[in-house]
file final_21.csv (CSV, C-alpha atoms)
chain,number,residue,atom,x,y,z
C,1,MET,CA,-4.0,18.6,-39.5
C,2,GLU,CA,-4.1,19.6,-35.8
C,3,THR,CA,-2.7,17.0,-33.5
C,4,HIS,CA,-2.7,16.7,-29.7
C,5,ASN,CA,0.2,15.3,-27.8
C,6,LEU,CA,-1.7,13.3,-25.2
C,7,SER,CA,1.4,12.5,-23.2
C,8,LYS,CA,2.1,16.2,-22.8
C,9,GLY,CA,-1.5,17.3,-23.2
C,10,LYS,CA,-2.8,19.9,-20.8
C,11,GLU,CA,-6.3,18.7,-21.5
C,12,MET,CA,-6.1,16.1,-18.8
C,13,ARG,CA,-6.9,17.2,-15.3
C,14,VAL,CA,-5.6,15.6,-12.1
C,15,GLU,CA,-9.2,14.6,-11.4
C,16,GLU,CA,-9.2,12.5,-14.5
C,17,LEU,CA,-6.2,10.4,-13.5
C,18,LYS,CA,-6.7,6.7,-12.7
C,19,ASN,CA,-8.3,6.0,-9.3
C,20,TYR,CA,-8.3,9.7,-8.4
C,21,GLY,CA,-10.0,10.2,-5.0
C,22,LYS,CA,-10.5,6.5,-4.4
C,23,PRO,CA,-9.3,4.7,-1.2
C,24,TYR,CA,-7.4,1.4,-1.1
C,25,SER,CA,-10.5,-0.4,0.1
C,26,GLU,CA,-11.7,0.1,-3.5
C,27,THR,CA,-8.6,-0.1,-5.6
C,28,MET,CA,-6.8,-2.9,-3.9
C,29,ILE,CA,-9.7,-5.3,-4.1
C,30,SER,CA,-10.5,-4.5,-7.7
C,31,LEU,CA,-7.1,-5.0,-9.3
C,32,PRO,CA,-7.3,-6.3,-12.8
C,33,GLN,CA,-7.4,-10.1,-12.9
C,34,PRO,CA,-4.1,-10.6,-14.8
C,35,VAL,CA,-2.4,-8.5,-12.1
C,36,GLN,CA,-3.9,-10.5,-9.3
C,37,LYS,CA,-2.9,-13.7,-10.9
C,38,LEU,CA,0.7,-12.5,-11.5
C,39,ILE,CA,0.9,-11.3,-7.9
C,40,LYS,CA,-0.3,-14.7,-6.6
C,41,LYS,CA,2.1,-16.5,-8.9
C,42,GLU,CA,5.1,-14.6,-7.8
C,43,SER,CA,4.2,-14.8,-4.2
C,44,SER,CA,3.7,-18.6,-4.4
C,45,ARG,CA,7.0,-19.0,-6.1
C,46,VAL,CA,8.8,-17.2,-3.3
C,47,VAL,CA,7.1,-19.3,-0.6
C,48,ARG,CA,7.8,-22.6,-2.4
C,49,ARG,CA,11.4,-21.7,-2.7
C,50,HIS,CA,11.6,-21.3,1.0
C,51,LEU,CA,9.2,-24.0,2.2
C,52,GLY,CA,9.1,-26.5,-0.6
C,53,ILE,CA,5.9,-28.1,-1.8
C,54,LEU,CA,5.0,-29.9,1.5
C,55,GLY,CA,5.9,-26.9,3.5
C,56,SER,CA,3.7,-24.7,1.3
C,57,LEU,CA,0.8,-27.1,1.7
C,58,ARG,CA,1.3,-27.0,5.5
C,59,LEU,CA,1.2,-23.2,5.3
C,60,LEU,CA,-2.1,-23.2,3.5
C,61,ILE,CA,-3.6,-25.5,6.1
C,62,LEU,CA,-2.4,-23.4,9.0
C,63,ALA,CA,-3.5,-20.2,7.3
C,64,ARG,CA,-7.0,-21.6,7.0
C,65,ARG,CA,-7.1,-22.4,10.7
C,66,GLU,CA,-5.7,-19.0,11.6
C,67,ARG,CA,-8.2,-17.2,9.4
C,68,ASN,CA,-11.1,-19.0,11.1
C,69,ARG,CA,-9.6,-18.0,14.5
C,70,LEU,CA,-9.0,-14.4,13.6
C,71,LYS,CA,-12.5,-14.0,12.3
C,72,GLU,CA,-13.6,-14.1,15.9
C,73,VAL,CA,-11.5,-11.1,16.8
C,74,ASP,CA,-13.5,-8.1,17.9
C,75,LEU,CA,-13.0,-5.4,15.2
C,76,THR,CA,-15.7,-3.1,16.5
C,77,SER,CA,-13.2,-0.2,17.0
C,78,VAL,CA,-12.1,-0.5,13.4
C,79,ARG,CA,-15.7,-0.4,12.1
C,80,GLU,CA,-16.4,2.6,14.4
C,81,LYS,CA,-13.7,4.5,12.5
C,82,GLY,CA,-16.0,4.3,9.5
C,83,LEU,CA,-14.6,1.2,7.7
C,84,THR,CA,-17.6,-0.4,6.1
C,85,SER,CA,-15.9,-2.6,3.4
C,86,GLU,CA,-16.3,-6.1,4.8
C,87,LEU,CA,-14.4,-7.4,1.8
C,88,PHE,CA,-11.4,-5.3,2.7
C,89,ILE,CA,-11.6,-6.4,6.3
C,90,ASP,CA,-11.8,-10.1,5.2
C,91,ARG,CA,-8.8,-9.6,2.8
C,92,THR,CA,-6.8,-8.0,5.6
C,93,ILE,CA,-7.7,-10.8,8.0
C,94,GLN,CA,-6.7,-13.4,5.3
C,95,ASN,CA,-3.4,-11.7,4.8
C,96,THR,CA,-2.8,-11.5,8.5
C,97,ALA,CA,-3.7,-15.2,8.9
C,98,LEU,CA,-1.2,-16.1,6.2
C,99,PHE,CA,1.6,-14.1,7.8
C,100,SER,CA,0.8,-15.6,11.2
C,101,ALA,CA,0.8,-19.1,9.8
C,102,LEU,CA,4.2,-18.5,8.2
C,103,ALA,CA,5.5,-17.1,11.5
C,104,HIS,CA,4.4,-20.3,13.2
C,105,ILE,CA,6.5,-22.3,10.8
C,106,VAL,CA,9.7,-20.3,10.4
C,107,GLY,CA,9.5,-17.6,13.1
C,108,ILE,CA,8.6,-13.9,13.0
C,109,GLU,CA,11.9,-12.7,11.8
C,110,ARG,CA,12.2,-15.1,8.8
C,111,ALA,CA,8.5,-14.7,8.0
C,112,GLY,CA,9.2,-10.9,7.7
C,113,ALA,CA,12.2,-11.6,5.4
C,114,ILE,CA,10.2,-13.8,3.2
C,115,TYR,CA,7.4,-11.2,2.9
C,116,TYR,CA,10.0,-8.6,2.1
C,117,GLU,CA,11.2,-10.8,-0.8
C,118,ILE,CA,7.6,-11.1,-2.0
C,119,MET,CA,7.2,-7.3,-1.9
C,120,ASP,CA,10.4,-7.0,-3.9
C,121,LYS,CA,8.6,-9.0,-6.6
C,122,VAL,CA,5.0,-7.6,-6.5
C,123,SER,CA,5.0,-4.1,-5.1
C,124,LYS,CA,5.7,-2.5,-8.5
C,125,LEU,CA,3.0,-4.7,-10.2
C,126,MET,CA,0.4,-3.8,-7.6
C,127,ASN,CA,1.1,0.0,-7.3
C,128,GLU,CA,1.5,0.5,-11.1
C,129,ALA,CA,-2.0,-1.0,-11.5
C,130,ILE,CA,-3.4,1.4,-9.0
C,131,LEU,CA,-1.6,4.7,-9.6
C,132,PRO,CA,-1.3,7.0,-12.7
C,133,SER,CA,1.7,6.5,-14.8
C,134,VAL,CA,4.8,8.7,-14.5
C,135,GLY,CA,4.2,9.9,-18.1
C,136,GLU,CA,0.7,11.1,-17.2
C,137,LEU,CA,2.0,13.1,-14.2
C,138,GLN,CA,4.8,14.6,-16.4
C,139,GLY,CA,2.1,15.6,-18.9
C,140,MET,CA,0.6,18.0,-16.3
C,141,GLU,CA,1.6,21.7,-16.1
C,142,SER,CA,3.4,20.9,-12.8
C,143,ASP,CA,4.1,17.2,-12.1
C,144,PHE,CA,4.9,18.0,-8.4
C,145,LYS,CA,1.6,19.8,-8.0
C,146,ALA,CA,-0.3,17.1,-9.9
C,147,PHE,CA,1.2,14.4,-7.6
C,148,ARG,CA,0.5,16.6,-4.5
C,149,ASP,CA,-3.1,17.1,-5.5
C,150,TYR,CA,-3.5,13.4,-6.3
C,151,LEU,CA,-1.9,12.4,-3.0
C,152,MET,CA,-4.1,14.7,-0.9
C,153,ALA,CA,-7.3,13.5,-2.6
C,154,PHE,CA,-6.2,9.9,-1.8
C,155,PHE,CA,-5.6,10.6,1.9
C,156,VAL,CA,-8.9,12.4,2.2
C,157,ALA,CA,-10.7,9.4,0.6
C,158,GLU,CA,-8.7,7.1,2.9
C,159,LYS,CA,-10.0,9.1,6.0
C,160,ASP,CA,-13.6,9.1,4.7
C,161,ALA,CA,-13.3,5.3,4.2
C,162,GLY,CA,-12.1,4.7,7.7
C,163,LEU,CA,-8.7,3.5,6.7
C,164,HIS,CA,-6.4,6.3,7.9
C,165,ASP,CA,-6.4,9.4,10.1
C,166,PHE,CA,-3.7,11.9,9.2
C,167,GLU,CA,-2.4,15.4,9.9
C,168,VAL,CA,-0.8,17.7,7.3
C,169,ALA,CA,2.7,18.5,8.6
C,170,GLU,CA,3.7,20.6,5.5
C,171,ASP,CA,2.1,21.6,2.3
C,172,SER,CA,4.3,23.9,0.3
C,173,GLU,CA,5.7,24.4,-3.2
C,174,ARG,CA,8.7,22.2,-2.3
C,175,ALA,CA,7.2,19.5,-0.1
C,176,VAL,CA,4.1,17.8,1.1
C,177,ALA,CA,4.3,15.8,4.4
C,178,LEU,CA,1.6,13.9,6.2
C,179,ASN,CA,1.7,12.1,9.5
C,180,VAL,CA,-0.6,9.1,9.5
C,181,THR,CA,-1.8,8.6,13.1
C,182,TYR,CA,-4.2,5.7,12.5
C,183,CYS,CA,-4.0,2.9,9.9
C,184,ALA,CA,-6.5,0.1,9.4
C,185,PHE,CA,-3.8,-1.9,7.7
C,186,CYS,CA,-1.9,-1.8,10.9
C,187,GLU,CA,-4.8,-1.8,13.4
C,188,ILE,CA,-6.5,-5.0,12.2
C,189,PRO,CA,-3.2,-7.1,12.6
C,190,ARG,CA,-2.6,-5.4,15.9
C,191,LEU,CA,-6.0,-6.4,17.2
C,192,CYS,CA,-5.3,-9.9,15.9
C,193,GLY,CA,-2.1,-10.0,18.0
C,194,ILE,CA,0.4,-9.9,15.1
C,195,VAL,CA,1.1,-6.3,14.2
C,196,GLU,CA,4.2,-7.5,12.3
C,197,ALA,CA,1.9,-8.6,9.5
C,198,CYS,CA,1.5,-5.0,8.5
C,199,ASP,CA,5.2,-4.3,8.1
C,200,PRO,CA,5.4,-5.7,4.6
C,201,SER,CA,3.0,-3.1,3.4
C,202,CYS,CA,5.3,-0.4,4.8
C,203,TYR,CA,8.2,-2.0,3.1
C,204,SER,CA,6.2,-2.1,-0.2
C,205,ASP,CA,6.1,1.7,-0.1
C,206,GLU,CA,9.9,1.8,0.3
C,207,VAL,CA,10.4,-0.5,-2.6
C,208,PHE,CA,8.0,1.3,-5.0
C,209,PHE,CA,8.0,5.0,-4.4
C,210,PRO,CA,11.7,5.9,-4.8
C,211,GLY,CA,11.8,4.5,-8.4
C,212,TYR,CA,8.4,5.8,-9.3
C,213,LEU,CA,9.1,9.3,-8.1
C,214,GLU,CA,12.7,9.5,-9.4
C,215,PRO,CA,11.7,10.7,-13.0
C,216,LEU,CA,9.5,13.4,-11.4
C,217,GLY,CA,12.4,14.8,-9.3
C,218,ILE,CA,10.6,13.9,-6.1
C,219,ARG,CA,12.2,12.3,-3.0
C,220,PHE,CA,10.2,9.9,-0.7
C,221,VAL,CA,11.2,10.1,2.9
C,222,ARG,CA,9.8,8.2,5.9
C,223,THR,CA,11.5,7.7,9.2
C,224,LYS,CA,9.0,5.7,11.2
C,225,THR,CA,5.7,3.8,10.9
C,226,LEU,CA,3.0,2.6,13.2
C,227,ALA,CA,3.7,-1.0,12.4
C,228,ARG,CA,7.3,-0.5,13.5
C,229,GLY,CA,6.3,1.1,16.8
C,230,GLY,CA,6.3,4.7,15.8
C,231,ASP,CA,3.7,7.2,16.9
C,232,CYS,CA,2.8,7.8,13.3
C,233,CYS,CA,3.8,7.1,9.7
C,234,ASP,CA,5.6,10.3,8.7
C,235,PHE,CA,5.2,10.4,4.9
C,236,ARG,CA,7.2,13.2,3.2
C,237,PHE,CA,7.5,13.9,-0.5
C,238,GLU,CA,9.8,16.7,-1.5
C,239,LYS,CA,11.3,18.2,-4.6
C,240,LYS,CA,15.0,17.3,-5.0
C,241,GLU,CA,17.5,20.1,-5.0
C,242,GLY,CA,17.7,21.8,-8.4
C,243,GLU,CA,14.2,20.8,-9.4
C,244,ALA,CA,12.0,23.7,-10.5
call {"tool": "encode", "arguments": {"input": "final_21.csv", "output": "structure tokens"}}
result
Amino acid sequence: METHNLSKGKEMRVEELKNYGKPYSETMISLPQPVQKLIKKESSRVVRRHLGILGSLRLLILARRERNRLKEVDLTSVREKGLTSELFIDRTIQNTALFSALAHIVGIERAGAIYYEIMDKVSKLMNEAILPSVGELQGMESDFKAFRDYLMAFFVAEKDAGLHDFEVAEDSERAVALNVTYCAFCEIPRLCGIVEACDPSCYSDEVFFPGYLEPLGIRFVRTKTLARGGDCCDFRFEKKEGEA
């Protein structure tokens, strides 16, 4: 009987991988309900450990006030970039309001540290629900090329959705590097007056990608981000020495 090894099967094309060519404005707001619930549970647990029950209730009250205030911020420039997902905009404002409320209670620096702790807990859950598995990429003829093609399709979709502008700094057999010069994740908090609310998203990349890419022999490198005051986010994914 003829069998097909699906984990190593060459039948699957990159275009068939989960969420190929879809922007975050689609994938992040349509995470499976169990994943969303687990992310919320883990996030709430971290916040309660730092603020206690009464402090957590105060945070929710302040966040609601902040959300109402931030809804009045003029985001015309963001929409003019092509961002049409009002649900994505609302979610980003909501997250910004929550960070802002936390910063009011504990200060910017500690708020950032608490969010980092949250990202340590949830970034893997979130990204694994969005991206293809390592096994699927390893099943391709070239896992690096598969990842490169998937990544490029993602950034093209992001640009089309008004989420990112980028320039290709390198595209070779050994590395793919992209400089993101505009990011709606960063721009919305910046217009709201608290750009620091974007930094946990940057940190999430740094938590997730090294472990995700390790089995593929790919190194993730980034030296600056827009949220941290850089002129771009310089994403670089390169084959490690000795990898074919």
call {"tool": "atom_distance", "arguments": {"input": "final_21.csv", "atom1": "CA of Leu54 in chain C", "atom2": "CA of His104 in chain C"}}
result
15.1 Å
call {"tool": "closest_residue", "arguments": {"input": "final_21.csv", "among": "C:Tyr203, C:Asp149, C:Arg236, C:Glu128", "to": "Ala175 in chain C", "atoms": "all atoms listed in the file"}}
result
C:Arg236
call {"tool": "atom_distance", "arguments": {"input": "final_21.csv", "atom1": "CA of Glu66 in chain C", "atom2": "CA of Phe99 in chain C"}}
result
9.6 Å
call {"tool": "closest_residue", "arguments": {"input": "final_21.csv", "among": "C:Asp165, C:Glu206, C:Glu238, C:Glu187", "to": "Leu75 in chain C", "atoms": "all atoms listed in the file"}}
result
C:Glu187
call {"tool": "residues_near_point", "arguments": {"input": "final_21.csv", "point": "(8.2, -12.5, 6.7)", "cutoff": "9 Å", "atoms": "only C-alpha atoms", "output": "PyMOL selection string"}}
result
chain C and resi 99+102-103+106-118+196-197+199-200
call {"tool": "residues_around", "arguments": {"input": "final_21.csv", "residues": "Phe209 in chain C", "least_positions_apart": "6", "cutoff": "10 Å", "atoms": "only C-alpha atoms", "output": "VMD selection string"}}
result
chain C and resid 123 to 124 127 218 to 221 237
call {"tool": "residues_near_point", "arguments": {"input": "final_21.csv", "point": "(0.3, -1.1, 11.3)", "cutoff": "9 Å", "atoms": "all atoms listed in the file", "output": "list in words"}}
result
Tyr182, Cys183, Ala184, Phe185, Cys186, Glu187, Ile188, Pro189, Arg190, Val195, Glu196, Ala197, Cys198, Asp199, Ser201, Cys202, Thr225, Leu226, Ala227, Arg228 and Gly229 of chain C
call {"tool": "write_last_selection", "arguments": {"input": "final_21.csv", "atoms": "C-alpha atoms", "output": "compact mmCIF listing (two decimals), keeping the file's coordinate frame"}}
result
# COMPACT_ATOMS: atom_id res chain seq x y z
CA TYR C 182 -4.20 5.70 12.50
CA CYS C 183 -4.00 2.90 9.90
CA ALA C 184 -6.50 0.10 9.40
CA PHE C 185 -3.80 -1.90 7.70
CA CYS C 186 -1.90 -1.80 10.90
CA GLU C 187 -4.80 -1.80 13.40
CA ILE C 188 -6.50 -5.00 12.20
CA PRO C 189 -3.20 -7.10 12.60
CA ARG C 190 -2.60 -5.40 15.90
CA VAL C 195 1.10 -6.30 14.20
CA GLU C 196 4.20 -7.50 12.30
CA ALA C 197 1.90 -8.60 9.50
CA CYS C 198 1.50 -5.00 8.50
CA ASP C 199 5.20 -4.30 8.10
CA SER C 201 3.00 -3.10 3.40
CA CYS C 202 5.30 -0.40 4.80
CA THR C 225 5.70 3.80 10.90
CA LEU C 226 3.00 2.60 13.20
CA ALA C 227 3.70 -1.00 12.40
CA ARG C 228 7.30 -0.50 13.50
CA GLY C 229 6.30 1.10 16.80
